[in-house]
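Below: the structure, in structure tokens.
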Amino acid sequence: MAVKRSPKRLKYSSRRFSKEDGLLYVEADPSGEDSWKLDPIVELLKQGAVGVIPTDTLYAIVCHLKSHSAIERLRRIKNIEPSKPLSILCHSLRDIDIYTTGFPCGDGQGHANIFRVVKHCLPGPYTFILTASKELPKQCMRYGTTTPKYSSRKNVGVRIPDDAICQAILEKTDAPLISTSVKSLEENEWMIDPAVIADMYRLEGLDFVVDGGVRVAAPSTVVDMTGTYPKILRQGKGPKLQWMVTEEDSKSALGAEILVPSTT
């Protein structure tokens, strides 16, 4: 049986973060009132660290968007194939404007400006699939497919989590964070207890864990915004809204009107 090699942890240049054999574990109040505790986490992220933070849905393994080495290390820790996509956690709509081409002007259902309805969902438990801009590292693109037909697609999942701890970290970083949800290495199930996450991923090379309390095992709702209609790819914590369609909608009465493009 092949043994997965554990990537080395970040070698911290500052004595304040001199950890080589362990990981930094920070307990923070879910309200965000003690956000000063997160300053070391922000510094570590800027140095190229990979760690775990809470969101408004699940815990996420994150790293700085501008650190290519950290992105590769995140993939190794989570054992994610290079062809698989990575989402980004954003602090504001401004980040989305920078790293994507933005939300479509219409959705084919009478909404002349889909952004007006989308902004009511944010911050919130949704991941929106958008077309990436040139500012986004290539390591984050190609959402969900490796087939030649879609190999040139450059899409990315974007989130603005409604979580005080997560937002406090994002506010202090100079760019969004690359993100992937935390699952058990053995059972492929969502992990919601930060202490258990720390124990399991400690040997995988994780640099830090921010403990914001035990979460509920409910992932975000993923909505593809790159086609003619906003289509739900995964139903999660975020409820289905009137302007969203599902695969079942396409096959039912709406199917007579909707012509789903081949790129969707």
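By order in the structure tokens, chains are A, B, ...; within a chain, residues start at 1; ligands start at 1, following the order shown.
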Q: Using DSSP on the backbone, list every residue of region 5-104 of chain A that comes out as helix (DSSP H, G or I), and give them as a ChimeraX atom specification.
A: /A:15-17,35-47,68-78,93-99
Residues from last step as file, N, CA, C and O atoms, as a compact mmCIF listing (two decimals), in the first residue's frame:
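out.txt was written with the following content:
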# COMPACT_ATOMS: atom_id res chain seq x y z
N ARG A 15 10.16 34.42 15.40
CA ARG A 15 10.26 33.62 16.62
C ARG A 15 8.90 33.46 17.28
O ARG A 15 8.65 32.49 17.99
N ARG A 16 8.02 34.42 17.02
CA ARG A 16 6.69 34.37 17.62
C ARG A 16 5.91 33.15 17.15
O ARG A 16 5.04 32.64 17.84
N PHE A 17 6.24 32.68 15.96
CA PHE A 17 5.52 31.53 15.40
C PHE A 17 6.46 30.34 15.19
O PHE A 17 6.32 29.60 14.25
N SER A 35 -11.28 39.27 18.01
CA SER A 35 -10.61 39.09 16.71
C SER A 35 -9.12 39.37 16.77
O SER A 35 -8.38 38.99 15.85
N TRP A 36 -8.65 40.04 17.82
CA TRP A 36 -7.21 40.28 17.96
C TRP A 36 -6.43 38.96 18.03
O TRP A 36 -5.25 38.90 17.66
N LYS A 37 -7.10 37.91 18.48
CA LYS A 37 -6.43 36.60 18.55
C LYS A 37 -6.08 36.07 17.16
O LYS A 37 -5.25 35.16 17.02
N LEU A 38 -6.72 36.62 16.14
CA LEU A 38 -6.53 36.12 14.78
C LEU A 38 -5.36 36.76 14.06
O LEU A 38 -5.01 36.36 12.95
N ASP A 39 -4.73 37.77 14.67
CA ASP A 39 -3.60 38.45 14.03
C ASP A 39 -2.47 37.48 13.65
O ASP A 39 -1.92 37.57 12.55
N PRO A 40 -2.09 36.54 14.55
CA PRO A 40 -1.04 35.59 14.16
C PRO A 40 -1.46 34.71 12.98
O PRO A 40 -0.62 34.35 12.14
N ILE A 41 -2.75 34.39 12.89
CA ILE A 41 -3.24 33.57 11.78
C ILE A 41 -3.08 34.32 10.46
O ILE A 41 -2.66 33.76 9.46
N VAL A 42 -3.43 35.60 10.48
CA VAL A 42 -3.31 36.43 9.27
C VAL A 42 -1.86 36.50 8.83
O VAL A 42 -1.55 36.37 7.63
N GLU A 43 -0.95 36.69 9.80
CA GLU A 43 0.48 36.76 9.46
C GLU A 43 0.97 35.45 8.86
O GLU A 43 1.75 35.43 7.92
N LEU A 44 0.53 34.34 9.44
CA LEU A 44 0.93 33.03 8.92
C LEU A 44 0.43 32.83 7.50
O LEU A 44 1.14 32.31 6.64
N LEU A 45 -0.80 33.22 7.23
CA LEU A 45 -1.36 33.09 5.88
C LEU A 45 -0.54 33.90 4.88
O LEU A 45 -0.27 33.43 3.76
N LYS A 46 -0.13 35.08 5.27
CA LYS A 46 0.67 35.93 4.37
C LYS A 46 2.06 35.33 4.13
O LYS A 46 2.69 35.61 3.11
N GLN A 47 2.52 34.50 5.07
CA GLN A 47 3.82 33.85 4.94
C GLN A 47 3.74 32.56 4.12
O GLN A 47 4.75 31.97 3.79
N HIS A 68 1.47 30.53 -4.50
CA HIS A 68 1.38 29.35 -5.35
C HIS A 68 1.85 28.09 -4.61
O HIS A 68 1.27 27.02 -4.76
N SER A 69 2.91 28.22 -3.82
CA SER A 69 3.42 27.06 -3.09
C SER A 69 2.42 26.59 -2.05
O SER A 69 2.26 25.38 -1.81
N ALA A 70 1.70 27.54 -1.41
CA ALA A 70 0.70 27.17 -0.41
C ALA A 70 -0.48 26.47 -1.07
O ALA A 70 -1.04 25.52 -0.51
N ILE A 71 -0.85 26.92 -2.27
CA ILE A 71 -1.96 26.28 -2.98
C ILE A 71 -1.61 24.82 -3.30
O ILE A 71 -2.43 23.92 -3.12
N GLU A 72 -0.39 24.59 -3.75
CA GLU A 72 0.03 23.22 -4.06
C GLU A 72 0.09 22.38 -2.79
O GLU A 72 -0.26 21.20 -2.81
N ARG A 73 0.52 22.97 -1.69
CA ARG A 73 0.59 22.23 -0.43
C ARG A 73 -0.81 21.91 0.07
O ARG A 73 -1.06 20.84 0.62
N LEU A 74 -1.75 22.84 -0.11
CA LEU A 74 -3.14 22.58 0.27
C LEU A 74 -3.68 21.39 -0.51
O LEU A 74 -4.36 20.53 0.04
N ARG A 75 -3.36 21.32 -1.80
CA ARG A 75 -3.82 20.19 -2.62
C ARG A 75 -3.24 18.88 -2.09
O ARG A 75 -3.93 17.85 -2.06
N ARG A 76 -1.99 18.91 -1.68
CA ARG A 76 -1.37 17.67 -1.18
C ARG A 76 -1.98 17.26 0.15
O ARG A 76 -2.22 16.08 0.39
N ILE A 77 -2.23 18.23 1.03
CA ILE A 77 -2.81 17.92 2.33
C ILE A 77 -4.19 17.29 2.19
O ILE A 77 -4.52 16.31 2.85
N LYS A 78 -5.00 17.85 1.30
CA LYS A 78 -6.37 17.35 1.09
C LYS A 78 -6.40 16.25 0.03
O LYS A 78 -7.44 15.62 -0.18
N LEU A 93 -17.88 42.09 -2.22
CA LEU A 93 -18.19 42.00 -3.65
C LEU A 93 -17.05 42.57 -4.49
O LEU A 93 -16.89 42.20 -5.65
N ARG A 94 -16.26 43.45 -3.92
CA ARG A 94 -15.12 44.01 -4.64
C ARG A 94 -14.13 42.91 -5.02
O ARG A 94 -13.58 42.91 -6.12
N ASP A 95 -13.92 41.96 -4.11
CA ASP A 95 -13.02 40.83 -4.41
C ASP A 95 -13.56 40.02 -5.59
O ASP A 95 -12.81 39.58 -6.45
N ILE A 96 -14.88 39.81 -5.60
CA ILE A 96 -15.50 39.06 -6.70
C ILE A 96 -15.31 39.80 -8.01
O ILE A 96 -15.04 39.18 -9.05
N ASP A 97 -15.42 41.11 -7.99
CA ASP A 97 -15.22 41.91 -9.20
C ASP A 97 -13.79 41.80 -9.73
O ASP A 97 -13.56 41.84 -10.94
N ILE A 98 -12.82 41.65 -8.82
CA ILE A 98 -11.42 41.58 -9.22
C ILE A 98 -11.07 40.22 -9.80
O ILE A 98 -10.41 40.12 -10.85
N TYR A 99 -11.51 39.16 -9.16
CA TYR A 99 -11.06 37.82 -9.52
C TYR A 99 -12.01 37.04 -10.42
O TYR A 99 -11.73 35.91 -10.78
Q.
Show me, as a list in words, the residues that have an atom within 12 Å of Lys134 (chain A) when counting only C-alpha atoms, minus same-chain residues fewer than 6 positions from it.
A.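 Counting only C-alpha atoms, the residues come to Asp97, Ile98, Tyr99, Thr100, Thr101, Cys140, Met141, Lys154, Asn155 and Val156 of chain A.
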Next, dump the selected residues to file, keeping only N, CA and C atoms, as a PDB file, in the first residue's frame.
ATOM      1  N   ASP A  97     -15.418  41.113  -7.991  1.00  0.00           N
ATOM      2  CA  ASP A  97     -15.218  41.908  -9.204  1.00  0.00           C
ATOM      3  C   ASP A  97     -13.793  41.796  -9.730  1.00  0.00           C
ATOM      4  N   ILE A  98     -12.825  41.653  -8.822  1.00  0.00           N
ATOM      5  CA  ILE A  98     -11.422  41.582  -9.220  1.00  0.00           C
ATOM      6  C   ILE A  98     -11.070  40.215  -9.803  1.00  0.00           C
ATOM      7  N   TYR A  99     -11.515  39.157  -9.158  1.00  0.00           N
ATOM      8  CA  TYR A  99     -11.056  37.820  -9.517  1.00  0.00           C
ATOM      9  C   TYR A  99     -12.011  37.041 -10.420  1.00  0.00           C
ATOM     10  N   THR A 100     -13.143  37.651 -10.771  1.00  0.00           N
ATOM     11  CA  THR A 100     -14.060  37.060 -11.753  1.00  0.00           C
ATOM     12  C   THR A 100     -14.517  38.151 -12.703  1.00  0.00           C
ATOM     13  N   THR A 101     -15.253  37.754 -13.733  1.00  0.00           N
ATOM     14  CA  THR A 101     -15.811  38.741 -14.660  1.00  0.00           C
ATOM     15  C   THR A 101     -17.162  39.254 -14.173  1.00  0.00           C
ATOM     16  N   CYS A 140      -6.570  27.510  -9.587  1.00  0.00           N
ATOM     17  CA  CYS A 140      -7.914  27.496  -8.993  1.00  0.00           C
ATOM     18  C   CYS A 140      -9.012  27.224  -9.997  1.00  0.00           C
ATOM     19  N   MET A 141      -8.686  27.137 -11.271  1.00  0.00           N
ATOM     20  CA  MET A 141      -9.715  27.115 -12.312  1.00  0.00           C
ATOM     21  C   MET A 141     -10.153  25.706 -12.713  1.00  0.00           C
ATOM     22  N   LYS A 154     -12.652  28.407 -17.709  1.00  0.00           N
ATOM     23  CA  LYS A 154     -11.928  28.995 -16.591  1.00  0.00           C
ATOM     24  C   LYS A 154     -12.934  29.573 -15.608  1.00  0.00           C
ATOM     25  N   ASN A 155     -13.531  28.678 -14.840  1.00  0.00           N
ATOM     26  CA  ASN A 155     -14.543  29.076 -13.867  1.00  0.00           C
ATOM     27  C   ASN A 155     -14.033  28.860 -12.456  1.00  0.00           C
ATOM     28  N   VAL A 156     -14.649  29.537 -11.506  1.00  0.00           N
ATOM     29  CA  VAL A 156     -14.239  29.399 -10.109  1.00  0.00           C
ATOM     30  C   VAL A 156     -15.446  29.587  -9.208  1.00  0.00           C
TER      31      VAL A 156
END
Q: Go ahead and compute the interatomic distance for CA of Gly213 (chain A) and CA of Pro125 (chain A), in Å to one decimal.
A: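 Interatomic distance here is 17.6 Å.
Interatomic distance, CA of Gly102 (chain A) to CA of Trp243 (chain A): 17.4 Å.
With CA of Ile178 (chain A) on one side and CA of Tyr126 (chain A) on the other, the separation reads 15.7 Å.
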Q: Fewer than 5 positions away in the same chain doesn't count, so skip those; otherwise give me all residues within 6 Å of region 222-231 of chain A, counting only C-alpha atoms, as a VMD selection string.
A: chain A and resid 107 126 to 130 244 to 246 264
Q: Please provide the set of residues having any atom within 12 Å of Cys166 (chain A), restricted to only C-alpha atoms, with same-chain residues fewer than 2 positions apart removed, written as number ranges by chain.
A: A: 28-32, 35, 38, 41-42, 52-62, 89-91, 123, 159-164, 168-173, 176-177, 179, 210-212
**Q.** Residues of region 67-187 of chain A in strand (DSSP E or B), written as number ranges by chain
**A.** A: 87-89, 100, 126-132, 155-159, 177-181, 183
Q) Contacts of Tyr201 (chain A) at 10 Å or less, counting only C-alpha atoms, minus same-chain residues fewer than 3 places along, as a PyMOL selection string? A) chain A and resi 6+23+51-52+77-78+182+184-185+196-198+204-209
